[in-house]
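Structure data follow from input-v5.cif (mmCIF, C-alpha atoms):
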```
data_target
loop_
_atom_site.label_atom_id
_atom_site.label_comp_id
_atom_site.auth_asym_id
_atom_site.auth_seq_id
_atom_site.Cartn_x
_atom_site.Cartn_y
_atom_site.Cartn_z
CA MET A 300 26.30 11.52 31.96
CA SER A 301 29.54 9.56 32.05
CA PRO A 302 32.21 10.23 29.40
CA GLU A 303 31.89 6.61 28.23
CA LEU A 304 28.15 6.97 27.65
CA LYS A 305 28.72 10.29 25.87
CA GLU A 306 31.21 8.61 23.57
CA ARG A 307 28.87 5.66 22.92
CA LEU A 308 25.90 7.93 22.11
CA ARG A 309 27.81 10.01 19.57
CA THR A 310 27.07 7.76 16.59
CA PRO A 311 23.33 7.22 17.40
CA ILE A 312 22.78 10.96 17.84
CA LEU A 313 24.65 11.87 14.65
CA THR A 314 22.70 9.17 12.80
CA PHE A 315 19.43 10.59 14.16
CA LEU A 316 20.33 14.13 13.10
CA ALA A 317 21.40 13.02 9.62
CA LEU A 318 18.18 11.04 9.10
CA GLN A 319 15.95 13.91 10.26
CA ALA A 320 17.83 16.36 8.03
CA LEU A 321 17.46 14.10 4.99
CA LEU A 322 13.77 13.55 5.75
CA GLY A 323 13.29 17.31 6.06
CA THR A 324 14.94 17.82 2.67
CA ASN A 325 12.71 15.22 1.05
CA VAL A 326 9.59 16.73 2.61
CA LEU A 327 10.56 20.18 1.29
CA LEU A 328 11.14 18.71 -2.16
CA GLY A 329 7.68 17.10 -1.91
CA ILE A 330 5.97 20.38 -1.00
CA PHE A 331 7.57 22.57 -3.65
CA PHE A 332 7.33 21.31 -7.19
CA LEU A 333 10.82 21.81 -8.62
CA GLY A 334 10.50 20.07 -11.97
CA ASN A 335 9.75 16.69 -13.48
CA ARG A 336 13.16 15.24 -12.69
CA ILE A 337 13.15 16.04 -8.98
CA TRP A 338 12.15 12.43 -8.22
CA ILE A 339 15.75 11.42 -8.97
CA VAL A 340 16.96 13.56 -6.05
CA GLU A 341 14.16 12.23 -3.82
CA VAL A 342 15.10 8.62 -4.60
CA PHE A 343 18.77 9.39 -3.97
CA ILE A 344 17.94 10.93 -0.57
CA ALA A 345 15.75 7.94 0.39
CA ALA A 346 18.59 5.59 -0.62
CA ALA A 347 21.01 7.60 1.52
CA MET A 348 18.63 7.25 4.51
CA VAL A 349 18.45 3.48 4.01
CA ALA A 350 22.26 3.26 3.75
CA ILE A 351 22.70 5.29 6.97
CA VAL A 352 20.29 3.02 8.87
CA ILE A 353 22.05 -0.14 7.68
CA LEU A 354 25.61 1.06 8.20
CA PHE A 355 25.25 2.97 11.47
CA ALA A 356 21.97 2.11 13.24
CA MET A 357 22.11 -1.59 12.35
CA GLU A 358 25.90 -1.44 12.74
CA ALA A 359 26.70 -3.34 9.55
CA LEU A 360 30.01 -1.44 9.46
CA LYS A 361 31.12 -3.17 12.67
CA ASP A 362 29.84 -6.63 11.67
CA PRO A 363 32.13 -9.44 10.47
CA PRO A 364 32.46 -9.87 6.67
CA LEU A 365 30.04 -12.83 6.48
CA THR A 366 27.25 -10.85 8.13
CA ARG A 367 27.91 -7.90 5.84
CA LEU A 368 27.75 -10.27 2.88
CA PHE A 369 24.31 -11.51 4.00
CA ALA A 370 23.09 -7.94 4.34
CA ALA A 371 24.41 -7.04 0.89
CA ILE A 372 23.00 -10.16 -0.78
CA GLY A 373 19.47 -9.19 0.30
CA PHE A 374 19.78 -5.96 -1.66
CA CYS A 375 21.39 -7.75 -4.62
CA TRP A 376 18.28 -9.93 -4.92
CA VAL A 377 16.12 -6.82 -4.82
CA ALA A 378 18.23 -5.25 -7.58
CA ILE A 379 17.80 -8.38 -9.74
CA LEU A 380 14.05 -8.37 -9.08
CA PHE A 381 13.70 -4.72 -10.14
CA ALA A 382 16.11 -4.93 -13.09
CA LEU A 383 14.54 -7.96 -14.75
CA THR A 384 10.97 -6.72 -14.27
CA MET A 385 11.63 -3.17 -15.42
CA VAL A 386 13.63 -4.32 -18.45
CA ASP A 387 10.46 -6.10 -19.53
CA TYR A 388 8.19 -3.08 -19.01
CA ALA A 389 10.67 -0.57 -20.43
CA THR A 390 11.17 -2.48 -23.68
CA ARG A 391 7.53 -3.27 -24.51
CA MET B 277 24.34 0.53 39.21
CA PRO B 278 25.99 -1.17 36.20
CA VAL B 279 25.98 -4.98 36.11
CA ASN B 280 28.36 -7.31 34.31
CA VAL B 281 27.34 -8.17 30.78
CA GLY B 282 27.97 -11.43 28.97
CA ILE B 283 26.59 -14.34 27.03
CA LYS B 284 25.87 -17.80 28.39
CA VAL B 285 27.56 -19.99 25.77
CA GLU B 286 25.38 -22.84 24.49
CA GLU B 287 27.06 -26.19 23.92
CA GLN B 288 27.07 -25.98 20.11
CA PHE B 289 29.20 -22.82 20.13
CA GLU B 290 32.91 -22.51 20.77
CA SER B 291 32.77 -19.03 22.24
CA ALA B 292 30.47 -16.18 23.19
CA ASP B 293 31.67 -14.20 20.16
CA GLN B 294 30.75 -17.04 17.82
CA GLN B 295 27.29 -17.34 19.40
CA ARG B 296 26.76 -13.58 19.13
CA GLU B 297 27.81 -13.45 15.47
CA THR B 298 25.66 -16.47 14.61
CA ALA B 299 22.59 -14.83 16.17
CA LYS B 300 23.21 -11.67 14.15
CA LEU B 301 23.75 -13.65 10.96
CA GLY B 302 20.49 -15.52 11.51
CA MET B 303 18.59 -12.28 12.02
CA TRP B 304 20.10 -10.76 8.87
CA ALA B 305 19.08 -13.86 6.86
CA PHE B 306 15.51 -13.46 8.16
CA LEU B 307 15.53 -9.73 7.39
CA ALA B 308 16.69 -10.46 3.81
CA THR B 309 13.53 -12.53 3.27
CA GLU B 310 11.44 -9.72 4.77
CA LEU B 311 13.11 -7.24 2.44
CA LEU B 312 12.15 -9.37 -0.55
CA LEU B 313 8.56 -9.58 0.71
CA PHE B 314 8.26 -5.78 0.81
CA SER B 315 10.25 -5.34 -2.41
CA GLY B 316 7.53 -7.16 -4.34
CA LEU B 317 5.12 -4.44 -3.19
CA PHE B 318 7.55 -1.61 -4.02
CA LEU B 319 8.04 -3.09 -7.47
CA THR B 320 4.28 -3.30 -7.96
CA ALA B 321 4.04 0.39 -7.04
CA LEU B 322 6.65 1.23 -9.66
CA VAL B 323 4.95 -0.83 -12.37
CA THR B 324 1.57 0.72 -11.52
CA ARG B 325 3.18 4.14 -11.79
CA VAL B 326 4.70 3.32 -15.20
CA LEU B 327 1.45 1.91 -16.58
CA HIS B 328 -1.01 4.45 -15.11
CA PRO B 329 0.88 7.65 -14.21
CA ASP B 330 -2.14 9.98 -14.18
CA SER B 331 -4.31 7.64 -12.13
CA VAL B 332 -1.53 7.10 -9.59
CA THR B 333 -0.96 10.84 -9.21
CA ALA B 334 -4.70 11.43 -8.73
CA ALA B 335 -4.85 8.69 -6.08
CA ALA B 336 -1.63 9.76 -4.33
CA LEU B 337 -2.97 13.28 -3.85
CA HIS B 338 -5.62 11.75 -1.55
CA LEU B 339 -2.95 10.31 0.77
CA LYS B 340 -2.16 12.27 3.94
CA PHE B 341 1.35 13.47 3.11
CA TRP B 342 1.90 15.24 6.44
CA ILE B 343 0.85 12.23 8.49
CA GLY B 344 3.25 10.07 6.46
CA ALA B 345 6.09 12.56 6.98
CA THR B 346 5.35 12.90 10.72
CA ASN B 347 5.28 9.14 11.10
CA THR B 348 8.68 8.89 9.40
CA ALA B 349 10.10 11.43 11.87
CA ILE B 350 8.52 9.48 14.75
CA LEU B 351 10.12 6.22 13.63
CA ILE B 352 13.51 7.93 13.33
CA CYS B 353 13.08 8.99 16.99
CA SER B 354 12.31 5.37 17.91
CA SER B 355 15.48 4.31 16.09
CA LEU B 356 17.46 6.65 18.34
CA THR B 357 15.88 5.35 21.55
CA MET B 358 16.53 1.77 20.40
CA SER B 359 20.18 2.54 19.71
CA VAL B 360 20.47 4.15 23.16
CA ALA B 361 18.94 1.02 24.75
CA ILE B 362 21.51 -1.15 22.94
CA GLU B 363 24.41 1.02 24.12
CA LEU B 364 23.06 0.97 27.69
CA SER B 365 22.81 -2.84 27.54
CA ARG B 366 26.48 -3.02 26.55
CA MET B 367 27.36 -0.85 29.53
CA GLY B 368 25.30 -2.98 31.92
CA ARG B 369 22.88 -0.17 32.78
CA GLN B 370 19.94 -2.52 33.07
CA ARG B 371 17.31 -0.20 34.55
CA TRP B 372 17.82 2.61 32.04
CA MET B 373 18.04 0.12 29.19
CA VAL B 374 14.59 -1.26 30.07
CA ARG B 375 13.21 2.29 30.27
CA PHE B 376 14.49 3.10 26.81
CA MET B 377 13.08 -0.14 25.43
CA VAL B 378 9.65 0.72 26.83
CA LEU B 379 10.02 4.26 25.45
CA THR B 380 10.81 2.76 22.02
CA ALA B 381 7.64 0.65 22.17
CA MET B 382 5.62 3.72 23.23
CA ILE B 383 6.89 5.69 20.24
CA GLY B 384 5.87 2.74 18.06
CA ILE B 385 2.37 2.93 19.56
CA ILE B 386 2.20 6.67 18.73
CA PHE B 387 3.03 5.75 15.12
CA MET B 388 0.21 3.20 15.10
CA MET B 389 -2.27 5.71 16.53
CA LEU B 390 -1.43 8.23 13.81
CA LYS B 391 -1.73 5.49 11.22
CA GLY B 392 -5.14 4.57 12.60
CA TYR B 393 -6.21 8.22 12.39
CA GLU B 394 -5.00 8.31 8.78
CA TYR B 395 -7.09 5.25 7.92
CA LEU B 396 -10.09 6.89 9.59
CA GLU B 397 -9.62 10.01 7.44
CA ASP B 398 -9.34 7.78 4.36
CA TYR B 399 -12.66 6.22 5.33
CA ARG B 400 -14.29 9.62 5.84
CA GLU B 401 -12.99 10.82 2.46
CA HIS B 402 -14.28 7.69 0.73
CA VAL B 403 -10.83 6.48 -0.32
CA MET B 404 -11.43 2.82 0.48
CA PRO B 405 -12.34 1.20 -2.84
CA PHE B 406 -12.31 -2.32 -1.43
CA LEU B 407 -15.29 -1.67 0.89
CA PRO B 408 -18.49 -3.12 -0.56
CA ASN B 409 -21.49 -0.80 -0.87
CA TYR B 410 -19.38 2.25 0.02
CA ARG B 411 -18.90 5.11 -2.42
CA TYR B 412 -15.37 5.44 -3.83
CA GLU B 413 -14.21 8.99 -4.45
CA LEU B 414 -12.28 8.13 -7.64
CA ALA B 415 -14.84 5.68 -9.01
CA GLY B 416 -14.48 7.21 -12.49
CA ASP B 417 -10.81 6.21 -12.58
CA PRO B 418 -10.64 2.40 -12.13
CA ALA B 419 -6.81 2.29 -12.39
CA SER B 420 -6.52 4.45 -9.26
CA ARG B 421 -7.94 1.51 -7.28
CA LEU B 422 -4.74 -0.43 -8.01
CA PHE B 423 -2.64 2.19 -6.26
CA ILE B 424 -5.01 2.72 -3.32
CA ASP B 425 -5.32 -1.02 -2.74
CA LEU B 426 -1.52 -1.30 -2.87
CA TYR B 427 -1.24 1.56 -0.37
CA PHE B 428 -3.45 -0.28 2.13
CA ILE B 429 -1.69 -3.62 1.60
CA THR B 430 1.78 -2.10 2.03
CA THR B 431 1.01 0.11 5.02
CA GLY B 432 -1.11 -2.67 6.58
CA LEU B 433 1.74 -5.16 6.25
CA HIS B 434 4.13 -2.63 7.75
CA ALA B 435 1.70 -1.99 10.62
CA LEU B 436 1.53 -5.74 11.24
CA HIS B 437 5.32 -5.89 11.45
CA LEU B 438 5.41 -2.89 13.76
CA THR B 439 2.79 -4.49 16.02
CA VAL B 440 4.98 -7.59 16.24
CA GLY B 441 7.95 -5.31 16.97
CA ILE B 442 6.09 -3.50 19.78
CA CYS B 443 5.00 -6.81 21.39
CA LEU B 444 8.53 -8.17 21.02
CA MET B 445 9.99 -5.03 22.59
CA LEU B 446 7.63 -5.13 25.59
CA VAL B 447 8.17 -8.86 26.17
CA MET B 448 11.94 -8.41 25.90
CA ALA B 449 11.80 -5.41 28.26
CA ALA B 450 9.96 -7.57 30.81
CA LEU B 451 12.52 -10.37 30.43
CA ALA B 452 15.44 -7.95 30.47
CA SER B 453 14.30 -6.37 33.74
CA ARG B 454 14.96 -9.68 35.54
CA GLU B 455 18.10 -10.15 37.53
CA GLY B 456 20.89 -11.89 35.64
CA PHE B 457 19.55 -11.14 32.13
CA LEU B 458 22.45 -8.97 31.00
CA GLU B 459 24.97 -11.36 32.54
CA ASN B 460 23.68 -14.17 30.29
CA HIS B 461 21.83 -12.76 27.26
CA PHE B 462 22.91 -9.18 26.60
CA ASN B 463 23.15 -9.80 22.83
CA ARG B 464 19.38 -10.42 22.60
CA ILE B 465 18.85 -6.67 22.87
CA GLU B 466 20.99 -6.20 19.74
CA ILE B 467 18.92 -8.80 17.88
CA VAL B 468 15.60 -7.17 18.76
CA GLY B 469 17.22 -3.85 17.84
CA LEU B 470 18.08 -5.16 14.37
CA TYR B 471 14.43 -6.06 13.78
CA TRP B 472 13.24 -2.68 15.05
CA HIS B 473 15.68 -0.73 12.86
CA PHE B 474 14.60 -2.84 9.91
CA ILE B 475 10.93 -1.87 10.41
CA ASP B 476 12.05 1.78 10.43
CA LEU B 477 14.09 1.19 7.29
CA ILE B 478 11.08 -0.29 5.47
CA TRP B 479 8.99 2.77 6.34
CA MET B 480 11.77 5.02 5.02
CA ILE B 481 11.17 3.30 1.66
CA VAL B 482 7.37 3.22 1.99
CA PHE B 483 7.10 6.97 2.57
CA PRO B 484 8.82 8.12 -0.64
CA THR B 485 7.40 5.24 -2.69
CA LEU B 486 3.74 5.91 -1.86
CA TYR B 487 3.49 9.47 -0.54
CA LEU B 488 6.34 11.46 -2.05
CA LEU B 489 7.27 10.33 -5.56
CA ASN B 490 3.73 10.27 -6.91
CA ARG B 491 2.76 13.80 -5.91
#
```

Structure translated into structure tokens:
Amino acid sequence: MSPELKERLRTPILTFLALQALLGTNVLLGIFFLGNRIWIVEVFIAAAMVAIVILFAMEALKDPPLTRLFAAIGFCWVAILFALTMVDYATR
Amino acid sequence: MPVNVGIKVEEQFESADQQRETAKLGMWAFLATELLLFSGLFLTALVTRVLHPDSVTAAALHLKFWIGATNTAILICSSLTMSVAIELSRMGRQRWMVRFMVLTAMIGIIFMMLKGYEYLEDYREHVMPFLPNYRYELAGDPASRLFIDLYFITTGLHALHLTVGICLMLVMAALASREGFLENHFNRIEIVGLYWHFIDLIWMIVFPTLYLLNR
């Protein structure tokens, strides 16, 4: 393997290892019941996995600002969707 | 043997960089609409959980947790092979790039086979409330049907997207194996890669939403 290829594969391999480790943690949390509030940790880990995929696998970090803005806006709409709906259900 | 990589600039673009960035921007805009499509389903799962917590827990315990977890690990592997294919395309290693693209599609097919097996087990365990004249295991708990139906809609929609992704990957691999592809269209591999990573990303949300959080 050439040094250039080694260098280029560093980020994908580290991303892969991080994602598998986080998945493993979530699976362990799912197997062993560790309390009613453990879902907060599970959601946080899932969010970290999504962030890793977007930033490193989908290379949003290297993209120009306009592309990053488009990527971020998608999640802003999702946040609005969840916030408005759950405010309704939480205050009934 | 590495080949030169580049982009054939279409007349409406000033440069190859502009064309490449525009293609990426277009794909991100499409993926944002896809994200909203799936988010409606994730939101429905959350509302169902808030309204019927006991029924959702009872239904979720019938899902195959280990198949869901294995499938997540499989898709993470496919993400790696896709990233490797993209890096190889940038280096002009056409032959190995095509091999990794085909490998990515194969891993996607393994995911689909496991998913099919999971559906078969659901059928055997009578966890398909939408089938007419077929006994439903949790018939005494009507609210559980909401969650099970949502599970099939969400995973079915994801499977449809993955099927499109596999076809796209194989077609692109066939096109990319032709002489001159990387010299003129190397950025198309990045675009297909974005779609593939997005399908993986959606599953990384589906797994905790349906299988994990409701246990």

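Pairwise distance (CA of Asp398 in chain B, CA of Cys353 in chain B) equals 25.8 Å.
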
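Within the file as shown, the PyMOL selection byres ((chain B) within 6 of (chain A)) identifies Leu301, Ala308, Leu356, Leu470, Leu477, Leu488 and Leu489 of chain B.
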
Could you write out that same residue set with C-alpha atoms as a PDB file, in the frame of the given file?
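result.pdb, written as the output of this step:
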```pdb
ATOM      1  CA  LEU B 301      23.750 -13.650  10.960  1.00  0.00           C
ATOM      2  CA  ALA B 308      16.690 -10.460   3.810  1.00  0.00           C
ATOM      3  CA  LEU B 356      17.460   6.650  18.340  1.00  0.00           C
ATOM      4  CA  LEU B 470      18.080  -5.160  14.370  1.00  0.00           C
ATOM      5  CA  LEU B 477      14.090   1.190   7.290  1.00  0.00           C
ATOM      6  CA  LEU B 488       6.340  11.460  -2.050  1.00  0.00           C
ATOM      7  CA  LEU B 489       7.270  10.330  -5.560  1.00  0.00           C
TER       8      LEU B 489
END
```

Item to check | Surrounding residues of range 366-376 of chain B excluding itself and chain neighbours under 6 positions, 6 Å, all atoms listed in the file, as a PyMOL selection string | outcome: chain B and resi 278-281+357+449

Checklist entry - At a cut-off of 10 Å from (1.1, 1.9, 2.1) in the coordinates of the file, what residues are picked up using all atoms listed in the file, written as a PyMOL selection string? => result chain B and resi 317-318+321+339+344+423-435+479+482-483+485-487

Expected file contents, prior selection, C-alpha atoms, as a PDB file, in the frame of the given file:
```
ATOM      1  CA  LEU B 317       5.120  -4.440  -3.190  1.00  0.00           C
ATOM      2  CA  PHE B 318       7.550  -1.610  -4.020  1.00  0.00           C
ATOM      3  CA  ALA B 321       4.040   0.390  -7.040  1.00  0.00           C
ATOM      4  CA  LEU B 339      -2.950  10.310   0.770  1.00  0.00           C
ATOM      5  CA  GLY B 344       3.250  10.070   6.460  1.00  0.00           C
ATOM      6  CA  PHE B 423      -2.640   2.190  -6.260  1.00  0.00           C
ATOM      7  CA  ILE B 424      -5.010   2.720  -3.320  1.00  0.00           C
ATOM      8  CA  ASP B 425      -5.320  -1.020  -2.740  1.00  0.00           C
ATOM      9  CA  LEU B 426      -1.520  -1.300  -2.870  1.00  0.00           C
ATOM     10  CA  TYR B 427      -1.240   1.560  -0.370  1.00  0.00           C
ATOM     11  CA  PHE B 428      -3.450  -0.280   2.130  1.00  0.00           C
ATOM     12  CA  ILE B 429      -1.690  -3.620   1.600  1.00  0.00           C
ATOM     13  CA  THR B 430       1.780  -2.100   2.030  1.00  0.00           C
ATOM     14  CA  THR B 431       1.010   0.110   5.020  1.00  0.00           C
ATOM     15  CA  GLY B 432      -1.110  -2.670   6.580  1.00  0.00           C
ATOM     16  CA  LEU B 433       1.740  -5.160   6.250  1.00  0.00           C
ATOM     17  CA  HIS B 434       4.130  -2.630   7.750  1.00  0.00           C
ATOM     18  CA  ALA B 435       1.700  -1.990  10.620  1.00  0.00           C
ATOM     19  CA  TRP B 479       8.990   2.770   6.340  1.00  0.00           C
ATOM     20  CA  VAL B 482       7.370   3.220   1.990  1.00  0.00           C
ATOM     21  CA  PHE B 483       7.100   6.970   2.570  1.00  0.00           C
ATOM     22  CA  THR B 485       7.400   5.240  -2.690  1.00  0.00           C
ATOM     23  CA  LEU B 486       3.740   5.910  -1.860  1.00  0.00           C
ATOM     24  CA  TYR B 487       3.490   9.470  -0.540  1.00  0.00           C
TER      25      TYR B 487
END
```

Checklist entry - Which residue out of B:Thr439, B:Phe289, B:Asp417, B:Lys284 has the minimum interatomic distance to Asp330 in chain B when only C-alpha atoms are used? => result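 Nearest to Asp330 in chain B: B:Asp417.
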
Checklist entry - Do you know which residues the PyMOL selection byres ((chain B and resi 354) around 8) returns on this file, as a list in words? => result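 Matching residues under the PyMOL selection byres ((chain B and resi 354) around 8) are Ile350, Leu351, Ile352, Cys353, Ser355, Leu356, Thr357, Met358, Leu379, Thr380, Ala381, Ile383 and Gly384 of chain B.
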
Checklist entry - Which distance in Å separates CA of Ser420 in chain B and CA of Tyr395 in chain B, to one decimal? => result 17.2 Å

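We find CA of Arg421 in chain B and CA of Arg400 in chain B to be spaced 16.7 Å apart.
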
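Comparing B:Arg325, B:Phe474, B:Ser315, B:Ile481 by their smallest distance to Leu354 in chain A, the closest is B:Phe474 (using all atoms listed in the file).
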
Checklist entry - Do you know which residues lie at most 10 Å from (11.9, -7.7, 15.7), with coordinates as in the file and all atoms listed in the file counted, and could you write them as a list of chain:residue names? => result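 These residues have at least one counted atom within 10 Å: B:Met303, B:Leu307, B:His437, B:Leu438, B:Thr439, B:Val440, B:Gly441, B:Ile442, B:Cys443, B:Leu444, B:Met445, B:Ile467, B:Val468, B:Gly469, B:Leu470, B:Tyr471, B:Trp472, B:His473, B:Phe474, B:Ile475.
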
Item to check | Counting only C-alpha atoms, the option among A:Glu306, A:Ile379, A:Met300, A:Ala347 closest to Thr324 in chain A | outcome: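 Smallest distance to Thr324 in chain A is found for A:Ala347.
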
Take range 337-360 of chain A, bring it up to N, CA and C atoms, and give me the output as an mmCIF file, in the frame of the given file.
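For reference, result_20.cif as written:
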```cif
data_model
loop_
_atom_site.group_PDB
_atom_site.id
_atom_site.type_symbol
_atom_site.label_atom_id
_atom_site.label_comp_id
_atom_site.auth_asym_id
_atom_site.auth_seq_id
_atom_site.Cartn_x
_atom_site.Cartn_y
_atom_site.Cartn_z
ATOM 1 N N ILE A 337 12.772 15.921 -10.388
ATOM 2 C CA ILE A 337 13.150 16.040 -8.980
ATOM 3 C C ILE A 337 13.060 14.690 -8.259
ATOM 4 N N TRP A 338 12.282 13.760 -8.857
ATOM 5 C CA TRP A 338 12.150 12.430 -8.220
ATOM 6 C C TRP A 338 13.504 11.735 -8.115
ATOM 7 N N ILE A 339 14.426 12.057 -9.025
ATOM 8 C CA ILE A 339 15.750 11.420 -8.970
ATOM 9 C C ILE A 339 16.444 11.798 -7.657
ATOM 10 N N VAL A 340 16.358 13.082 -7.304
ATOM 11 C CA VAL A 340 16.960 13.560 -6.050
ATOM 12 C C VAL A 340 16.268 12.908 -4.848
ATOM 13 N N GLU A 341 14.929 12.828 -4.927
ATOM 14 C CA GLU A 341 14.160 12.230 -3.820
ATOM 15 C C GLU A 341 14.540 10.765 -3.601
ATOM 16 N N VAL A 342 14.700 10.033 -4.703
ATOM 17 C CA VAL A 342 15.100 8.620 -4.600
ATOM 18 C C VAL A 342 16.512 8.519 -4.021
ATOM 19 N N PHE A 343 17.392 9.392 -4.463
ATOM 20 C CA PHE A 343 18.770 9.390 -3.970
ATOM 21 C C PHE A 343 18.799 9.657 -2.455
ATOM 22 N N ILE A 344 17.999 10.609 -2.006
ATOM 23 C CA ILE A 344 17.940 10.930 -0.570
ATOM 24 C C ILE A 344 17.384 9.737 0.231
ATOM 25 N N ALA A 345 16.323 9.113 -0.302
ATOM 26 C CA ALA A 345 15.750 7.940 0.390
ATOM 27 C C ALA A 345 16.793 6.821 0.465
ATOM 28 N N ALA A 346 17.555 6.631 -0.618
ATOM 29 C CA ALA A 346 18.590 5.590 -0.620
ATOM 30 C C ALA A 346 19.677 5.914 0.409
ATOM 31 N N ALA A 347 20.002 7.192 0.526
ATOM 32 C CA ALA A 347 21.010 7.600 1.520
ATOM 33 C C ALA A 347 20.499 7.304 2.939
ATOM 34 N N MET A 348 19.210 7.536 3.185
ATOM 35 C CA MET A 348 18.630 7.250 4.510
ATOM 36 C C MET A 348 18.714 5.752 4.815
ATOM 37 N N VAL A 349 18.377 4.942 3.816
ATOM 38 C CA VAL A 349 18.450 3.480 4.010
ATOM 39 C C VAL A 349 19.893 3.059 4.305
ATOM 40 N N ALA A 350 20.840 3.611 3.553
ATOM 41 C CA ALA A 350 22.260 3.260 3.750
ATOM 42 C C ALA A 350 22.723 3.653 5.154
ATOM 43 N N ILE A 351 22.301 4.827 5.617
ATOM 44 C CA ILE A 351 22.700 5.290 6.970
ATOM 45 C C ILE A 351 22.158 4.341 8.039
ATOM 46 N N VAL A 352 20.887 3.937 7.877
ATOM 47 C CA VAL A 352 20.290 3.020 8.870
ATOM 48 C C VAL A 352 21.071 1.708 8.899
ATOM 49 N N ILE A 353 21.363 1.159 7.725
ATOM 50 C CA ILE A 353 22.050 -0.140 7.680
ATOM 51 C C ILE A 353 23.465 -0.034 8.245
ATOM 52 N N LEU A 354 24.184 0.977 7.818
ATOM 53 C CA LEU A 354 25.610 1.060 8.200
ATOM 54 C C LEU A 354 25.802 1.476 9.661
ATOM 55 N N PHE A 355 24.994 2.425 10.135
ATOM 56 C CA PHE A 355 25.250 2.970 11.470
ATOM 57 C C PHE A 355 24.242 2.485 12.530
ATOM 58 N N ALA A 356 22.932 2.555 12.231
ATOM 59 C CA ALA A 356 21.970 2.110 13.240
ATOM 60 C C ALA A 356 22.014 0.589 13.400
ATOM 61 N N MET A 357 22.065 -0.126 12.278
ATOM 62 C CA MET A 357 22.110 -1.590 12.350
ATOM 63 C C MET A 357 23.552 -2.090 12.474
ATOM 64 N N GLU A 358 24.483 -1.177 12.471
ATOM 65 C CA GLU A 358 25.900 -1.440 12.740
ATOM 66 C C GLU A 358 26.551 -2.436 11.791
ATOM 67 N N ALA A 359 26.099 -2.417 10.528
ATOM 68 C CA ALA A 359 26.700 -3.340 9.550
ATOM 69 C C ALA A 359 28.198 -3.049 9.372
ATOM 70 N N LEU A 360 28.587 -1.799 9.619
ATOM 71 C CA LEU A 360 30.010 -1.440 9.460
ATOM 72 C C LEU A 360 30.891 -2.210 10.446
#
```
